[in-house]
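Next comes model10.txt, a file with compact mmCIF, C-alpha atoms.
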# COMPACT_ATOMS: atom_id res chain seq x y z
CA MET A 1434 89.83 119.78 75.05
CA GLN A 1435 90.32 121.59 78.34
CA HIS A 1436 89.14 119.94 81.56
CA THR A 1437 88.13 121.81 84.70
CA THR A 1438 89.95 120.55 87.77
CA ILE A 1439 88.06 120.58 91.06
CA GLU A 1440 90.25 120.79 94.16
CA PRO A 1441 89.20 118.44 96.99
CA ARG A 1442 87.44 120.38 99.72
CA PRO A 1443 87.64 119.13 103.29
CA PRO A 1444 84.32 118.96 105.14
CA GLU A 1445 82.90 121.81 107.18
CA LEU A 1446 81.60 121.40 110.70
CA LEU A 1447 77.83 121.58 110.39
CA ALA A 1448 74.86 122.17 112.71
CA PRO A 1449 74.03 121.17 115.36
CA TRP A 1450 77.68 120.61 116.28
CA ARG A 1451 79.18 123.82 114.92
CA THR A 1452 80.17 126.65 117.23
CA ASP A 1453 82.55 129.50 116.46
CA ARG A 1454 85.15 128.09 118.84
CA ARG A 1455 84.95 124.60 117.37
CA ALA A 1456 85.23 125.99 113.84
CA ALA A 1457 88.35 127.92 114.86
CA ILE A 1458 89.87 124.84 116.53
CA GLN A 1459 89.17 122.77 113.43
CA ALA A 1460 90.68 125.38 111.12
CA GLU A 1461 93.85 125.66 113.20
CA ALA A 1462 94.30 121.88 113.34
CA ARG A 1463 93.59 121.54 109.61
CA THR A 1464 96.19 124.14 108.65
CA PHE A 1465 98.77 122.61 111.00
CA ALA A 1466 98.13 119.13 109.61
CA ARG A 1467 98.49 120.32 106.01
CA ASP A 1468 101.51 122.59 106.41
CA VAL A 1469 103.50 120.89 109.19
CA VAL A 1470 102.45 117.28 109.69
CA LEU A 1471 101.90 116.12 106.10
CA PRO A 1472 105.39 117.06 104.84
CA LEU A 1473 106.94 115.29 107.84
CA ALA A 1474 104.82 112.19 107.22
CA ASP A 1475 105.87 112.12 103.57
CA GLU A 1476 109.51 112.32 104.61
CA LEU A 1477 109.60 110.04 107.66
CA ASP A 1478 106.95 107.35 107.14
CA PRO A 1479 108.71 105.62 104.18
CA ARG A 1480 111.74 105.01 106.41
CA LYS A 1481 109.71 104.19 109.53
CA GLY A 1482 110.98 107.34 111.19
CA GLU A 1483 109.74 108.77 114.46
CA MET A 1484 108.06 112.15 114.75
CA PRO A 1485 110.54 114.73 116.06
CA ARG A 1486 110.22 116.20 119.51
CA ALA A 1487 109.93 119.63 117.87
CA LEU A 1488 106.62 118.56 116.33
CA ILE A 1489 105.29 117.44 119.72
CA ASP A 1490 106.39 120.76 121.21
CA GLN A 1491 104.50 122.66 118.50
CA MET A 1492 101.36 120.70 119.35
CA ALA A 1493 101.91 121.40 123.05
CA GLU A 1494 102.17 125.15 122.35
CA ARG A 1495 98.65 124.98 120.90
CA GLY A 1496 97.34 123.35 124.08
CA TRP A 1497 96.30 120.13 122.35
CA PHE A 1498 97.68 117.80 125.04
CA GLY A 1499 95.26 119.43 127.49
CA ILE A 1500 92.08 119.62 125.42
CA THR A 1501 90.05 117.60 127.95
CA ILE A 1502 91.84 118.87 131.07
CA PRO A 1503 89.81 121.44 133.06
CA ALA A 1504 90.87 125.05 132.62
CA GLU A 1505 91.57 125.43 136.35
CA HIS A 1506 94.35 122.85 135.91
CA GLY A 1507 95.87 124.56 132.89
CA GLY A 1508 93.96 122.75 130.16
CA MET A 1509 91.57 123.95 127.49
CA GLY A 1510 88.55 122.77 129.49
CA LEU A 1511 86.88 121.22 126.44
CA GLY A 1512 85.36 117.83 125.77
CA VAL A 1513 85.68 114.56 123.91
CA PHE A 1514 84.15 116.27 120.86
CA GLU A 1515 86.97 118.81 120.50
CA TYR A 1516 89.55 116.13 121.29
CA CYS A 1517 88.23 114.02 118.40
CA LEU A 1518 87.85 117.05 116.14
CA VAL A 1519 91.55 117.89 116.39
CA SER A 1520 92.56 114.22 116.18
CA GLU A 1521 90.63 113.68 112.92
CA GLU A 1522 92.47 116.57 111.29
CA LEU A 1523 95.89 115.38 112.47
CA ALA A 1524 95.20 111.76 111.49
CA ARG A 1525 94.23 112.95 108.02
CA ALA A 1526 97.93 113.83 107.65
CA TRP A 1527 99.55 111.06 109.74
CA LEU A 1528 97.69 108.60 111.97
CA SER A 1529 100.36 108.49 114.66
CA VAL A 1530 100.20 112.27 115.15
CA GLY A 1531 96.46 112.02 115.74
CA SER A 1532 97.27 109.31 118.28
CA ILE A 1533 100.01 111.07 120.24
CA LEU A 1534 97.38 113.39 121.74
CA ALA A 1535 96.06 110.45 123.76
CA ARG A 1536 99.40 110.36 125.61
CA GLY A 1537 98.39 113.65 127.24
CA GLN A 1538 94.83 114.57 128.33
CA GLY A 1539 95.60 113.80 131.98
CA LEU A 1540 97.11 110.38 131.33
CA GLY A 1541 99.37 109.30 134.17
CA THR A 1542 98.01 111.83 136.66
CA GLN A 1543 95.57 109.77 138.76
CA THR A 1544 97.91 109.36 141.70
CA ILE A 1545 96.74 108.74 145.26
CA ASP A 1546 98.40 111.96 146.47
CA ASP A 1547 96.17 114.92 145.55
CA ALA A 1548 98.94 117.54 145.44
CA ARG A 1549 101.02 115.45 143.09
CA ARG A 1550 98.00 114.73 140.93
CA LEU A 1551 97.34 118.44 140.43
CA ASP A 1552 100.99 119.12 139.58
CA LEU A 1553 101.00 116.32 137.00
CA LEU A 1554 97.73 117.54 135.50
CA ALA A 1555 99.30 120.94 134.85
CA LYS A 1556 102.36 119.27 133.28
CA SER A 1557 100.10 117.09 131.13
CA ALA A 1558 98.20 120.12 129.90
CA ARG A 1559 101.49 121.77 128.89
CA GLY A 1560 102.64 118.68 126.99
CA GLN A 1561 105.44 118.06 129.49
CA TRP A 1562 104.01 114.77 130.80
CA ILE A 1563 103.51 112.47 127.82
CA GLY A 1564 103.28 108.76 128.44
CA SER A 1565 102.80 105.22 127.20
CA ILE A 1566 100.02 102.81 128.14
CA SER A 1567 101.10 99.21 128.78
CA LEU A 1568 98.04 97.03 129.22
CA SER A 1569 98.39 94.11 126.80
CA GLU A 1570 100.60 91.05 127.13
CA PRO A 1571 101.59 88.26 124.73
CA THR A 1572 98.67 86.22 126.09
CA ALA A 1573 96.32 89.04 127.13
CA GLY A 1574 95.10 91.55 124.56
CA SER A 1575 91.36 91.82 124.12
CA ASP A 1576 90.99 89.84 127.38
CA LEU A 1577 92.58 92.33 129.77
CA ALA A 1578 91.31 90.32 132.72
CA GLY A 1579 93.92 87.75 131.69
CA VAL A 1580 96.84 90.06 132.58
CA GLN A 1581 99.51 88.12 134.49
CA THR A 1582 102.17 90.76 135.21
CA ARG A 1583 102.54 90.71 138.99
CA ALA A 1584 102.85 93.57 141.45
CA VAL A 1585 104.11 92.46 144.88
CA ARG A 1586 104.11 94.83 147.85
CA GLU A 1587 107.48 95.32 149.57
CA GLY A 1588 107.29 97.96 152.28
CA ASP A 1589 106.36 101.29 150.71
CA SER A 1590 106.91 100.02 147.16
CA TRP A 1591 105.50 97.58 144.64
CA VAL A 1592 107.76 95.30 142.60
CA LEU A 1593 106.53 94.58 139.04
CA THR A 1594 107.51 91.47 137.10
CA GLY A 1595 106.17 90.24 133.76
CA THR A 1596 106.02 90.83 130.00
CA LYS A 1597 104.07 93.59 128.28
CA ARG A 1598 103.38 93.97 124.56
CA TRP A 1599 102.22 96.82 122.30
CA ALA A 1600 103.57 99.67 124.45
CA GLY A 1601 103.59 102.54 121.96
CA PHE A 1602 105.96 105.47 122.52
CA ALA A 1603 107.44 103.65 125.53
CA LEU A 1604 111.08 104.69 125.10
CA ALA A 1605 110.42 108.37 124.36
CA ALA A 1606 107.78 108.74 127.08
CA ASP A 1607 108.05 110.48 130.45
CA PHE A 1608 106.25 107.56 132.09
CA ILE A 1609 104.64 104.20 131.37
CA GLU A 1610 101.32 103.14 132.85
CA VAL A 1611 101.43 99.43 133.60
CA LEU A 1612 98.40 97.26 134.39
CA ALA A 1613 99.44 94.57 136.85
CA ARG A 1614 97.89 92.00 139.15
CA THR A 1615 98.26 92.61 142.89
CA ARG A 1616 96.36 89.44 143.85
CA ASP A 1617 94.40 86.57 142.35
CA PRO A 1618 90.59 86.81 142.31
CA GLU A 1619 88.73 85.28 145.23
CA PRO A 1620 86.01 82.69 144.52
CA GLY A 1621 82.95 84.47 143.16
CA GLU A 1622 84.88 87.61 142.17
CA PRO A 1623 85.25 88.70 138.53
CA ARG A 1624 88.48 87.70 136.82
CA SER A 1625 89.52 91.35 136.76
CA ALA A 1626 89.67 91.53 140.57
CA GLY A 1627 93.16 92.38 141.73
CA LEU A 1628 94.21 94.33 138.64
CA GLU A 1629 95.62 97.79 139.32
CA PRO A 1630 97.39 100.41 137.20
CA PHE A 1631 100.85 101.63 138.25
CA LEU A 1632 102.85 104.68 137.19
CA VAL A 1633 106.43 103.88 136.15
CA VAL A 1634 108.28 107.19 135.98
CA LYS A 1635 111.32 107.35 133.67
CA ARG A 1636 113.59 109.64 131.68
CA PRO A 1637 112.68 110.05 127.99
CA GLY A 1638 115.00 107.99 125.83
CA THR A 1639 115.73 105.40 128.54
CA PHE A 1640 113.99 102.52 130.29
CA PRO A 1641 113.98 102.43 134.10
CA GLU A 1642 115.99 99.96 136.15
CA GLY A 1643 114.55 96.47 135.81
CA MET A 1644 112.90 97.12 132.42
CA THR A 1645 114.12 96.35 128.91
CA GLY A 1646 112.35 96.95 125.61
CA ARG A 1647 112.42 95.40 122.15
CA ALA A 1648 111.01 97.44 119.26
CA ILE A 1649 108.27 95.66 117.28
CA ASP A 1650 108.64 96.02 113.50
CA LYS A 1651 105.15 97.09 112.42
CA VAL A 1652 103.60 97.12 108.94
CA GLY A 1653 102.40 100.69 109.42
CA TYR A 1654 101.51 103.19 112.14
CA HIS A 1655 104.97 104.69 111.95
CA GLY A 1656 105.84 107.94 113.69
CA PHE A 1657 106.66 106.35 117.01
CA GLN A 1658 108.09 102.99 118.03
CA THR A 1659 106.05 100.26 119.70
CA TYR A 1660 107.71 97.93 122.19
CA GLN A 1661 107.54 94.60 123.95
CA LEU A 1662 108.66 95.23 127.52
CA GLU A 1663 110.29 92.86 130.00
CA LEU A 1664 109.78 93.84 133.63
CA ASP A 1665 112.14 92.18 136.11
CA GLY A 1666 111.79 93.77 139.51
CA VAL A 1667 110.69 97.27 138.47
CA ARG A 1668 110.08 99.20 141.69
CA VAL A 1669 107.15 101.60 141.97
CA PRO A 1670 106.41 103.56 145.17
CA GLU A 1671 102.96 103.13 146.70
CA SER A 1672 102.34 106.81 145.94
CA ASP A 1673 102.49 105.89 142.23
CA ARG A 1674 99.70 103.36 142.35
CA LEU A 1675 96.96 104.90 140.21
CA THR A 1676 93.20 105.20 140.57
CA GLY A 1677 92.53 105.22 136.84
CA LEU A 1678 93.88 105.15 133.30
CA TYR A 1679 93.31 106.94 129.99
CA GLY A 1680 93.31 110.41 131.53
CA ASP A 1681 90.05 109.83 133.42
CA VAL A 1682 90.47 112.98 135.52
CA GLY A 1683 87.25 112.31 137.40
CA ALA A 1684 88.02 108.69 138.25
CA ASP A 1685 86.66 107.51 141.57
CA ALA A 1686 89.40 105.77 143.57
CA ASP A 1687 86.82 103.59 145.31
CA SER A 1688 85.55 102.13 142.05
CA GLY A 1689 88.75 100.22 141.33
CA GLY A 1690 91.43 100.69 138.71
CA PHE A 1691 90.07 98.12 136.29
CA ALA A 1692 86.66 99.80 136.20
CA ALA A 1693 88.38 103.09 135.36
CA VAL A 1694 90.19 101.38 132.50
CA GLN A 1695 86.84 100.27 131.07
CA ARG A 1696 85.44 103.83 131.29
CA GLY A 1697 88.47 105.22 129.55
CA LEU A 1698 88.13 102.69 126.75
CA ASN A 1699 84.82 104.25 125.68
CA ILE A 1700 86.58 107.56 125.06
CA ALA A 1701 89.48 105.76 123.37
CA ARG A 1702 87.07 103.99 121.01
CA VAL A 1703 85.34 107.13 119.77
CA HIS A 1704 88.77 108.73 119.45
CA THR A 1705 89.81 105.77 117.28
CA ALA A 1706 86.71 106.26 115.15
CA ALA A 1707 87.64 109.91 114.57
CA ARG A 1708 91.19 108.95 113.62
CA ALA A 1709 89.87 106.31 111.21
CA VAL A 1710 87.66 108.95 109.61
CA GLY A 1711 90.71 111.18 109.18
CA VAL A 1712 92.66 108.45 107.39
CA ALA A 1713 89.71 107.52 105.17
CA ARG A 1714 89.08 111.18 104.36
CA ALA A 1715 92.68 111.51 103.20
CA ALA A 1716 92.12 108.58 100.84
CA VAL A 1717 88.96 110.19 99.41
CA GLU A 1718 90.59 113.58 98.88
CA ASP A 1719 93.71 112.11 97.26
CA THR A 1720 91.59 109.88 95.04
CA GLN A 1721 89.43 112.79 93.92
CA ALA A 1722 92.57 114.61 92.81
CA TYR A 1723 94.09 111.53 91.16
CA LEU A 1724 91.01 110.70 89.08
CA GLN A 1725 91.25 114.15 87.50
CA GLU A 1726 95.00 113.87 86.96
CA ARG A 1727 95.18 110.42 85.37
CA GLU A 1728 94.18 110.06 81.71
CA GLN A 1729 93.25 106.92 79.77
CA PHE A 1730 91.77 106.61 76.28
CA GLY A 1731 92.16 110.35 75.82
CA HIS A 1732 90.09 111.34 78.85
CA PRO A 1733 90.65 111.91 82.57
CA ILE A 1734 89.49 108.75 84.32
CA ALA A 1735 87.27 111.02 86.42
CA GLU A 1736 84.87 110.94 83.47
CA PHE A 1737 84.31 107.18 83.75
CA GLN A 1738 81.03 106.53 85.54
CA ALA A 1739 82.15 103.41 87.38
CA LEU A 1740 85.01 105.32 89.01
CA ARG A 1741 82.83 108.35 89.78
CA PHE A 1742 80.28 106.13 91.52
CA ALA A 1743 83.02 104.36 93.51
CA LEU A 1744 84.29 107.74 94.73
CA ALA A 1745 80.74 108.78 95.64
CA ASP A 1746 80.30 105.65 97.77
CA MET A 1747 83.60 106.32 99.52
CA ALA A 1748 82.66 109.91 100.32
CA ALA A 1749 79.23 108.89 101.62
CA GLU A 1750 80.70 106.28 103.96
CA VAL A 1751 83.19 108.76 105.40
CA ALA A 1752 80.46 111.36 105.97
CA GLN A 1753 78.29 108.78 107.71
CA ALA A 1754 81.07 107.73 110.07
CA ARG A 1755 81.91 111.35 110.87
CA ALA A 1756 78.31 112.10 111.81
CA PHE A 1757 78.30 109.06 114.08
CA TRP A 1758 81.49 109.94 115.96
CA CYS A 1759 80.15 113.47 116.48
CA GLN A 1760 77.00 112.02 118.05
CA VAL A 1761 78.83 109.60 120.34
CA ALA A 1762 81.38 112.20 121.44
CA HIS A 1763 78.47 114.47 122.33
CA LEU A 1764 76.89 111.70 124.44
CA LEU A 1765 80.14 111.17 126.34
CA ASP A 1766 80.42 114.92 126.95
CA GLN A 1767 76.88 114.83 128.36
CA GLY A 1768 78.01 112.25 130.91
CA GLU A 1769 76.37 109.27 129.24
CA PRO A 1770 78.38 106.02 129.45
CA ALA A 1771 77.55 105.32 125.78
CA GLU A 1772 79.23 101.93 125.98
CA SER A 1773 77.28 100.34 123.13
CA GLU A 1774 77.47 103.49 121.03
CA SER A 1775 81.24 103.75 121.50
CA ALA A 1776 81.64 100.14 120.40
CA MET A 1777 79.33 100.72 117.42
CA VAL A 1778 81.13 103.81 116.14
CA LYS A 1779 84.53 102.18 116.60
CA LEU A 1780 83.34 99.12 114.68
CA LEU A 1781 81.68 100.98 111.81
CA ALA A 1782 84.25 103.75 111.35
CA THR A 1783 87.29 101.49 111.35
CA GLU A 1784 85.78 98.86 109.04
CA MET A 1785 84.77 101.75 106.79
CA ALA A 1786 88.35 103.06 106.75
CA VAL A 1787 89.64 99.68 105.59
CA ARG A 1788 87.09 99.54 102.75
CA VAL A 1789 87.63 103.12 101.65
CA THR A 1790 91.43 103.00 101.64
CA ASN A 1791 91.34 99.67 99.82
CA GLN A 1792 89.05 101.16 97.17
CA ALA A 1793 91.29 104.22 96.94
CA MET A 1794 94.25 101.99 96.17
CA GLN A 1795 92.18 100.20 93.50
CA LEU A 1796 91.22 103.49 91.88
CA HIS A 1797 94.87 104.52 91.82
CA GLY A 1798 95.62 101.37 89.81
CA GLY A 1799 99.27 100.35 89.63
CA ASN A 1800 100.34 103.75 90.98
CA GLY A 1801 98.52 102.96 94.21
CA TYR A 1802 100.71 99.93 94.76
CA THR A 1803 103.85 102.04 94.99
CA THR A 1804 105.39 104.16 97.69
CA GLU A 1805 105.23 107.12 95.29
CA ARG A 1806 101.64 107.80 96.40
CA ARG A 1807 100.33 108.38 99.92
CA VAL A 1808 97.42 106.01 99.43
CA GLU A 1809 99.49 102.97 100.43
CA ARG A 1810 100.21 104.67 103.76
CA TYR A 1811 96.51 105.26 104.37
CA TRP A 1812 95.81 101.62 103.47
CA ARG A 1813 98.43 100.31 105.94
CA ASP A 1814 97.36 102.62 108.75
CA ALA A 1815 93.63 102.04 108.30
CA ARG A 1816 94.14 98.30 108.69
CA LEU A 1817 95.37 98.76 112.25
CA THR A 1818 92.31 100.73 113.36
CA THR A 1819 90.14 97.59 113.30
CA ILE A 1820 92.56 95.95 115.75
CA PHE A 1821 93.75 98.40 118.41
CA GLU A 1822 91.53 99.71 121.22
CA GLY A 1823 89.60 96.44 120.90
CA THR A 1824 89.22 94.42 117.70
CA SER A 1825 86.09 94.56 115.57
CA GLU A 1826 85.13 91.18 117.01
CA ILE A 1827 85.33 92.57 120.55
CA GLN A 1828 83.13 95.53 119.55
CA ARG A 1829 80.55 93.10 118.13
CA ARG A 1830 80.65 91.16 121.38
CA ILE A 1831 80.09 94.32 123.46
CA ILE A 1832 77.16 95.37 121.29
CA SER A 1833 75.51 91.95 121.11
CA ASP A 1834 75.97 91.26 124.85
CA ARG A 1835 73.98 94.40 125.63
CA MET A 1836 71.30 93.45 123.14
CA LEU A 1837 71.13 89.77 124.19
CA PRO A 1838 72.36 89.34 127.77
CA ARG A 1839 73.84 85.95 128.54
CA ALA A 1840 72.37 83.73 131.22

Give the structure from the file, written as structure tokens.
Amino acid sequence: MQHTTIEPRPPELLAPWRTDRRAAIQAEARTFARDVVLPLADELDPRKGEMPRALIDQMAERGWFGITIPAEHGGMGLGVFEYCLVSEELARAWLSVGSILARGQGLGTQTIDDARRLDLLAKSARGQWIGSISLSEPTAGSDLAGVQTRAVREGDSWVLTGTKRWAGFALAADFIEVLARTRDPEPGEPRSAGLEPFLVVKRPGTFPEGMTGRAIDKVGYHGFQTYQLELDGVRVPESDRLTGLYGDVGADADSGGFAAVQRGLNIARVHTAARAVGVARAAVEDTQAYLQEREQFGHPIAEFQALRFALADMAAEVAQARAFWCQVAHLLDQGEPAESESAMVKLLATEMAVRVTNQAMQLHGGNGYTTERRVERYWRDARLTTIFEGTSEIQRRIISDRMLPRA
């Protein structure tokens, strides 16, 4: 008996979000992810390898490190929506490649000096200014107000001392953004008072004087190394004290660095949701193909209703999460703060990705629990998405605090 095989079809961009330009951007990113990124992921991820600089350069040539940078500064002049659209496609092939885009987009450009800021924006748009964000510490992750790394003013410089954790891409980066405390809060001030971001400029492949790094051996999220950093007298000129983080090109210097961090986190959370959708979509598409390939009892297991229904549930959950990130990205592009919505989409999309990749592994049976299939990579990578950019518990706290304000 001959069986018809149906090739998995990736989703189309539908109304009201579809435009000709967005469809073209999606198609280009999808082809690049399939033909360039996926083979590299298959080769490098099993040995915890790092993405080559040549891959980053190819992404830079397409302008993807400047998607959200205004055209007058050399960027594509697009929004959070297009940023997430490209990131979903890249994450479908390898999560870390969808993430490296966040190291551009104007990150590390919010300097006090306007002329320097404009020069760095142009470099960021060209993919020549790619950085690492160092916010967390061994005792300060979700509670960023608990950061204890100190920045002490000495003449025209600041001297940074402390320990930072979870600094992704730190060694290969052109710079590291470090959140440090310049003073303790005064009575009646929020705990975040006194926190400021600093730009630590460095040469790729080295750490600056006064800084050492230890690579953290992660379960997944390979493609670039993540470090614990020790800062012992790292000097940063006053001109490299920043007014914002996360590529917030429009950050207001008077609003304070910590407030800018919080604004940037909303974009980071919807970006994480899009990446989670990409990983989960990969699991659905691979599972659809596998169910038709694998035979038991003389039939492809795709004919067994229980497995068909499981795949249907997976596909529906991915489609739901995609629709939600599209909506929230649109709100951010309209200038809405969308704080609750960003927390909601991050929560729902990442928890969905864990469920879907787990189910994909189950549907692959014993073959799923091997490194011969990509599904174990999706499973490992999806698990991280519920943790970084704020854990699921933190998202629930953000949402519930806005629904039920505390006294």

**Item:** Computed interatomic separation between CA of Ala1782 in chain A and CA of Glu1570 in chain A (Å)
**Value:**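 Interatomic distance here is 26.0 Å.
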
**Request:** Could you jot down the CA of Gln1753 in chain A to CA of Ala1739 in chain A separation for me, Å, one decimal place?
**Result:**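 These two atoms are separated by 21.4 Å.
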
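Nearest residue to Arg1708 in chain A among A:Glu1476, A:Glu1728, A:Glu1622, A:Asp1814 is A:Asp1814, counting all atoms listed in the file.
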
**Request:** Would you please work out which residue, of A:Leu1662, A:Ala1756, A:Arg1788, A:Ala1535, is nearest to Gly1595 in chain A when using only C-alpha atoms?
**Result:**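 Smallest distance to Gly1595 in chain A is found for A:Leu1662.
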
**Message:** Here is a test: counting only C-alpha atoms, which residue of A:Pro1733, A:Asp1650, A:Val1633, A:Trp1450 is nearest to Phe1757 in chain A?
**Reply:** A:Trp1450

**Prompt:** At what distance in Å, to one decimal, does CA of Pro1441 in chain A lie from CA of Ala1706 in chain A?
**Reply:**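 CA of Ala1706 in chain A sits 22.0 Å away from CA of Pro1441 in chain A.
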
Which range 1749-1785 of chain A residues have any atom within 12 Å of an atom of range 1516-1529 of chain A, and for each, what is the nearest pair of atoms with distance in Å to one decimal, counting all atoms listed in the file, rows sorted by chain and number, as a tab-separated table?
residue	atom	partner	partner_atom	distance
A:Val1751	CA	A:Glu1521	CA	11.7
A:Ala1754	CA	A:Glu1521	CA	11.6
A:Arg1755	CA	A:Glu1521	CA	9.3
A:Ala1756	CA	A:Leu1518	CA	11.6
A:Phe1757	CA	A:Cys1517	CA	11.9
A:Trp1758	CA	A:Cys1517	CA	8.2
A:Cys1759	CA	A:Cys1517	CA	8.3
A:Gln1760	CA	A:Cys1517	CA	11.4
A:Val1761	CA	A:Cys1517	CA	10.6
A:Ala1762	CA	A:Cys1517	CA	7.7
A:His1763	CA	A:Cys1517	CA	10.5
A:Leu1765	CA	A:Cys1517	CA	11.7
A:Asp1766	CA	A:Tyr1516	CA	10.8
A:Ala1782	CA	A:Glu1521	CA	11.9

Selection export as an mmCIF file, in the frame of the given file, atoms kept: C-alpha atoms:
data_model
loop_
_atom_site.group_PDB
_atom_site.id
_atom_site.type_symbol
_atom_site.label_atom_id
_atom_site.label_comp_id
_atom_site.auth_asym_id
_atom_site.auth_seq_id
_atom_site.Cartn_x
_atom_site.Cartn_y
_atom_site.Cartn_z
ATOM 1 C CA VAL A 1751 83.190 108.760 105.400
ATOM 2 C CA ALA A 1754 81.070 107.730 110.070
ATOM 3 C CA ARG A 1755 81.910 111.350 110.870
ATOM 4 C CA ALA A 1756 78.310 112.100 111.810
ATOM 5 C CA PHE A 1757 78.300 109.060 114.080
ATOM 6 C CA TRP A 1758 81.490 109.940 115.960
ATOM 7 C CA CYS A 1759 80.150 113.470 116.480
ATOM 8 C CA GLN A 1760 77.000 112.020 118.050
ATOM 9 C CA VAL A 1761 78.830 109.600 120.340
ATOM 10 C CA ALA A 1762 81.380 112.200 121.440
ATOM 11 C CA HIS A 1763 78.470 114.470 122.330
ATOM 12 C CA LEU A 1765 80.140 111.170 126.340
ATOM 13 C CA ASP A 1766 80.420 114.920 126.950
ATOM 14 C CA ALA A 1782 84.250 103.750 111.350
#

**Request:** List the residues sitting within 7 Å of (101.5, 110.1, 143.5) in the file's frame, using only C-alpha atoms, as a list in words.
**Result:** Thr1544, Ile1545, Asp1546, Arg1549, Arg1550, Ser1672 and Asp1673 of chain A

Go ahead and write the selection's residues with C-alpha atoms as an mmCIF file, in the frame of the given file.
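again19.cif written:
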data_model
loop_
_atom_site.group_PDB
_atom_site.id
_atom_site.type_symbol
_atom_site.label_atom_id
_atom_site.label_comp_id
_atom_site.auth_asym_id
_atom_site.auth_seq_id
_atom_site.Cartn_x
_atom_site.Cartn_y
_atom_site.Cartn_z
ATOM 1 C CA THR A 1544 97.910 109.360 141.700
ATOM 2 C CA ILE A 1545 96.740 108.740 145.260
ATOM 3 C CA ASP A 1546 98.400 111.960 146.470
ATOM 4 C CA ARG A 1549 101.020 115.450 143.090
ATOM 5 C CA ARG A 1550 98.000 114.730 140.930
ATOM 6 C CA SER A 1672 102.340 106.810 145.940
ATOM 7 C CA ASP A 1673 102.490 105.890 142.230
#

**Request:** Select, from A:Arg1829, A:His1655, A:Arg1835, A:Arg1614, the residue with the minimum atom-to-atom distance to Thr1582 in chain A, counting only C-alpha atoms.
**Result:**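 Of A:Arg1829, A:His1655, A:Arg1835, A:Arg1614, the one nearest Thr1582 in chain A, counting only C-alpha atoms, is A:Arg1614.
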
**Message:** Just want the 12 Å neighbourhood of Asp1490 in chain A, counted on only C-alpha atoms, with same-chain residues fewer than 3 positions away dropped. Output as number ranges by chain.
**Reply:** A: 1484-1487, 1493-1498, 1533-1534, 1558-1563

Within-12 Å shell of (103.6, 102.2, 131.1) in input frame, all atoms listed in the file, as a compact mmCIF listing (two decimals) with C-alpha atoms, in the coordinates of the input:
# COMPACT_ATOMS: atom_id res chain seq x y z
CA ARG A 1536 99.40 110.36 125.61
CA LEU A 1540 97.11 110.38 131.33
CA GLY A 1541 99.37 109.30 134.17
CA ILE A 1563 103.51 112.47 127.82
CA GLY A 1564 103.28 108.76 128.44
CA SER A 1565 102.80 105.22 127.20
CA ILE A 1566 100.02 102.81 128.14
CA SER A 1567 101.10 99.21 128.78
CA LEU A 1568 98.04 97.03 129.22
CA SER A 1569 98.39 94.11 126.80
CA LEU A 1593 106.53 94.58 139.04
CA THR A 1596 106.02 90.83 130.00
CA LYS A 1597 104.07 93.59 128.28
CA ARG A 1598 103.38 93.97 124.56
CA TRP A 1599 102.22 96.82 122.30
CA ALA A 1600 103.57 99.67 124.45
CA GLY A 1601 103.59 102.54 121.96
CA PHE A 1602 105.96 105.47 122.52
CA ALA A 1603 107.44 103.65 125.53
CA LEU A 1604 111.08 104.69 125.10
CA ALA A 1605 110.42 108.37 124.36
CA ALA A 1606 107.78 108.74 127.08
CA ASP A 1607 108.05 110.48 130.45
CA PHE A 1608 106.25 107.56 132.09
CA ILE A 1609 104.64 104.20 131.37
CA GLU A 1610 101.32 103.14 132.85
CA VAL A 1611 101.43 99.43 133.60
CA LEU A 1612 98.40 97.26 134.39
CA ALA A 1613 99.44 94.57 136.85
CA PRO A 1630 97.39 100.41 137.20
CA PHE A 1631 100.85 101.63 138.25
CA LEU A 1632 102.85 104.68 137.19
CA VAL A 1633 106.43 103.88 136.15
CA VAL A 1634 108.28 107.19 135.98
CA LYS A 1635 111.32 107.35 133.67
CA PHE A 1640 113.99 102.52 130.29
CA PRO A 1641 113.98 102.43 134.10
CA MET A 1644 112.90 97.12 132.42
CA GLY A 1646 112.35 96.95 125.61
CA THR A 1659 106.05 100.26 119.70
CA TYR A 1660 107.71 97.93 122.19
CA GLN A 1661 107.54 94.60 123.95
CA LEU A 1662 108.66 95.23 127.52
CA GLU A 1663 110.29 92.86 130.00
CA LEU A 1664 109.78 93.84 133.63
CA VAL A 1667 110.69 97.27 138.47
CA VAL A 1669 107.15 101.60 141.97
CA ASP A 1673 102.49 105.89 142.23
CA ARG A 1674 99.70 103.36 142.35
CA LEU A 1675 96.96 104.90 140.21
CA LEU A 1678 93.88 105.15 133.30
CA TYR A 1679 93.31 106.94 129.99

**Message:** Ranking A:Glu1736, A:Glu1718, A:Glu1726, A:Glu1772 by minimum distance to Leu1698 in chain A and counting only C-alpha atoms, which one comes first?
**Reply:** A:Glu1772

**Item:** Top pick for closest residue to Val1592 in chain A, considering A:Pro1443, A:Gly1539, A:Gly1510, A:Gly1643 and counting all atoms listed in the file
**Value:**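 The closest residue to Val1592 in chain A is A:Gly1643.
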
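The protein and nucleic acid residues lying at most 6 Å from range 1623-1626 of chain A are Ala1578, Pro1618 and Leu1628 of chain A, with all atoms listed in the file considered and sequence neighbours fewer than 2 positions away removed.
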